[in-house]
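Written out below as structure tokens is the structure these notes cover.
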Amino acid sequence: MSFRKRGEVISNGRGTPGAVPGRTPAGIMSVNRTLPNRDSPMTPQQNARGITGRMQGLRVSGENTRAVNQVPIPSDDENKDDGSLLLDHPGIRPSHLSGTFVTSTGSEDIDKVLAHTGLPLGSSLLIEEQGTTEFSSILVKLFAAQGIVYNRLASNNKDNSSSSSNTHLIILSLNQGFAKELPGLYKGSKRDIKKSKISEEQSKLSVQNLNEKKTTPSRYKDFKIAWKYKLADEEKEKLNAKKISTTSAMNDEYKDYNHQFDITARLLPAPTSSEMSFIAPNLPISTILTQIEQIIKRNKDKLIRIIIPSFLHPAMYQPDFFSLSKSVALIHGLRSTVKTHGDRCVLMATVSTDVISKLLRVQLENLFDAILDLEPFPQDMLQFLERIYKSQPNKVQHGLLHVMKLPIFSERGEMQVKKSEWAFRNGRKRFEVEEWSIPVDDVESSNSKPTATQESHNDHDHDHSYEHETSHSKSGADNATNPKNTRISLDY
């Protein structure tokens, strides 16, 4: 029990006397109860420890306004990374399935088969081919030609300045003439050019086009319920118009994304060293990867398309490259380079499955994001198709296309293997891919019926000859009935 004087003020246990709010007890000085260091300037160590993240750029307003330790904000030009600079690239668009940025392979049908309308940036594509044909080399040339066209579109739009190029190709091959073998743009036949001019003139707004009246079908007048047919036709027209409008809108937005090439023509002028770089594959692996990295850094803010035509071809690669230690090491290094620069780099390679072992093939397939397998038809199958499509030679397919792996989806664990569902055709205008179905041979089916009736007639002729021989061995009385027995009806 404690005793205090009568006039003593109790301090509430905080060292400050308690009082009525708004009043100061008599005889007691006012005490500053502010937090320590609130009015004193904060040291840089306290600033760094107390304010982090977004709060570092704030200012505190008051009687003593002080600027908090601010981090310099980079300008817009410094803040732009490679991905933002490539948004205006004519050869880059978002995928309609995954939203990732993709680039065209040079073939519209191959872009559709890959399910992303192109090859996603940071991905690699391997095209395998069975046999001794060279269909995969055409796809590689289309891929390279598409990159050169992208680069020249940018140079044409920016008055051929040195900084206007937007795409660079890296070719891992000894064939220096690869640049002169690229296909040129398809300009169309005379009939196509004429049709395009007519359609352009019809699309223009003129008095003649407005005065043209639409002809109504005759069935609208003949039937009493013609209004039902009219409604059905109008609904079909609306659906078709929506489809055409959506596709045309996408094509208008990315009109330079994909081009059509003529395989029989050549891209002129041929690509120069500023558009395409060659690296010899017989160099050490570390040297190859270092040179590729230097080229990528030298061509900053550009789309890099790495191409390996005829990988592990015996004429270009040394025998030790056919071992797992060297070939897998090279592809693994290229894969890491592509993933490092995943916002502006893609890889495409072709290989013949007849020159590599099954073990090496499996190891290479594990390192690529997408795999397409080309299986050309044998000679007898081609002759069969040529006989069926004798009047339409443009419909003859050249082989099957198997989808073994798709980018992004296969990496996530989805089963995307499709065998014997697609067939490819190498035409002058483009490399076409369509659904495969075995055609019906009408010639054999029509010839099978007469052969059956002919066999039945032969059987009856044989029976008739047998009966005729036996009839001669009989008596003359039986000879009178022989004509009735040996007569064959042609209506049978």
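If you're wondering about the labels, chains in the structure tokens are A, B, ... by order shown, residues count from 1 in each chain, ligands from 1 in order shown.
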Residue neighbourhood region 110-119 of chain A, 7 Å, only C-alpha atoms, exclusion window fewer than 5 positions, as a PyMOL selection string: chain A and resi 95-97+102-105+406
Could you check how far CA of Phe178 (chain A) sits from CA of Lys141 (chain A), in Å to one decimal?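 Atom-to-atom, CA of Phe178 (chain A) and CA of Lys141 (chain A) are spaced 8.2 Å apart.
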As a ChimeraX atom specification, please: every residue in region 79-161 of chain A that DSSP puts in helix (DSSP H, G or I). /A:79,82-85,108-113,135-157
Pick out the residues sitting within 10 Å of region 254-264 of chain A, and hand them over as a PyMOL selection string; count only C-alpha atoms, and ignore anything fewer than 4 positions along from it in its own chain. chain A and resi 89-93+103-108+111+117-118+138+141-142+145-146+149-150+153+181-188+248-250+426-431
Residues within 10 Å of Asn151 (chain A), please, as a ChimeraX atom specification. Count only C-alpha atoms; anything in the same chain fewer than 3 positions from it doesn't count. /A:89-91,145-148,154-156,164-169,275,302-303
Rows by chain and residue number, region 85-141 of chain A within 12 Å of region 327-338 of chain A, shortest pair, only C-alpha atoms, as CSV:
residue,atom,partner,partner_atom,distance
A:Pro120,CA,A:Val338,CA,11.3
A:Leu121,CA,A:Val338,CA,8.6
A:Gly122,CA,A:Val338,CA,5.4
A:Ser123,CA,A:Val338,CA,7.1
A:Ser124,CA,A:Arg335,CA,7.4
A:Leu125,CA,A:Arg335,CA,10.6
A:Leu126,CA,A:Ile331,CA,10.9
What is the distance, in Å and to one decimal place, between CA of His398 (chain A) and CA of Glu435 (chain A)? 12.8 Å
Report the distance between CA of Ile127 (chain A) and CA of Arg361 (chain A) in Å, rounded to one decimal place. 11.8 Å
Could you pull the residues within 7 Å of Trp422 (chain A), counting only C-alpha atoms, minus those fewer than 5 positions along the same chain, as a list of chain:residue names?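 Neighbouring residues, sequence-local ones excluded: A:Leu400, A:Leu401, A:His402, A:Val433, A:Glu434, A:Glu435, A:Trp436.
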Determine which residues of region 158-198 of chain A receive a DSSP assignment of strand (DSSP E), computed from the backbone, and state them as a list in words.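 In region 158-198 of chain A, DSSP puts these residues in strand (DSSP E): Thr167, His168, Leu169, Ile170, Ile171, Leu172, Gly184 and Leu185 of chain A.
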Write the selection just made, keeping all heavy atoms, as a tab-separated table (two decimals), in the first residue's frame?
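Resulting contents of again-v1.tsv:
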chain	number	residue	atom	x	y	z
A	167	THR	N	14.58	-8.49	-89.49
A	167	THR	CA	14.73	-9.94	-89.44
A	167	THR	C	16.13	-10.32	-89.91
A	167	THR	O	16.65	-9.72	-90.86
A	167	THR	CB	13.68	-10.65	-90.32
A	167	THR	OG1	12.38	-10.16	-89.99
A	167	THR	CG2	13.71	-12.15	-90.12
A	168	HIS	N	16.70	-11.31	-89.26
A	168	HIS	CA	18.01	-11.82	-89.67
A	168	HIS	C	17.98	-13.34	-89.62
A	168	HIS	O	17.42	-13.94	-88.70
A	168	HIS	CB	19.12	-11.28	-88.77
A	168	HIS	CG	20.50	-11.55	-89.30
A	168	HIS	ND1	21.09	-10.77	-90.27
A	168	HIS	CD2	21.39	-12.54	-89.01
A	168	HIS	CE1	22.30	-11.24	-90.55
A	168	HIS	NE2	22.50	-12.32	-89.79
A	169	LEU	N	18.62	-13.96	-90.61
A	169	LEU	CA	18.65	-15.42	-90.72
A	169	LEU	C	20.05	-15.94	-90.40
A	169	LEU	O	21.05	-15.34	-90.80
A	169	LEU	CB	18.26	-15.86	-92.13
A	169	LEU	CG	16.77	-16.03	-92.44
A	169	LEU	CD1	16.04	-14.71	-92.34
A	169	LEU	CD2	16.57	-16.64	-93.81
A	170	ILE	N	20.09	-17.05	-89.68
A	170	ILE	CA	21.35	-17.74	-89.37
A	170	ILE	C	21.24	-19.14	-89.95
A	170	ILE	O	20.37	-19.93	-89.53
A	170	ILE	CB	21.60	-17.79	-87.86
A	170	ILE	CG1	21.67	-16.36	-87.27
A	170	ILE	CG2	22.90	-18.53	-87.56
A	170	ILE	CD1	21.83	-16.33	-85.76
A	171	ILE	N	22.09	-19.46	-90.92
A	171	ILE	CA	22.05	-20.75	-91.62
A	171	ILE	C	23.25	-21.57	-91.16
A	171	ILE	O	24.40	-21.15	-91.31
A	171	ILE	CB	22.08	-20.57	-93.14
A	171	ILE	CG1	21.10	-19.47	-93.57
A	171	ILE	CG2	21.78	-21.87	-93.84
A	171	ILE	CD1	19.67	-19.77	-93.28
A	172	LEU	N	22.99	-22.75	-90.63
A	172	LEU	CA	24.05	-23.66	-90.23
A	172	LEU	C	24.25	-24.69	-91.34
A	172	LEU	O	23.66	-25.77	-91.34
A	172	LEU	CB	23.68	-24.35	-88.91
A	172	LEU	CG	24.77	-25.17	-88.22
A	172	LEU	CD1	25.93	-24.29	-87.82
A	172	LEU	CD2	24.22	-25.89	-87.00
A	184	GLY	N	10.68	-17.38	-105.11
A	184	GLY	CA	10.18	-16.01	-105.19
A	184	GLY	C	8.70	-15.92	-104.89
A	184	GLY	O	8.00	-16.94	-104.76
A	185	LEU	N	8.22	-14.72	-104.77
A	185	LEU	CA	6.80	-14.50	-104.48
A	185	LEU	C	5.95	-14.90	-105.68
A	185	LEU	O	6.33	-14.68	-106.84
A	185	LEU	CB	6.55	-13.03	-104.14
A	185	LEU	CG	7.10	-12.56	-102.79
A	185	LEU	CD1	6.94	-11.06	-102.66
A	185	LEU	CD2	6.38	-13.26	-101.65
Spatial neighbours of region 382-384 of chain A, max dist 12 Å, only C-alpha atoms, sep filter under 5 positions, as a ChimeraX atom specification: /A:376-377,389-390,393,395-400,425,438-444
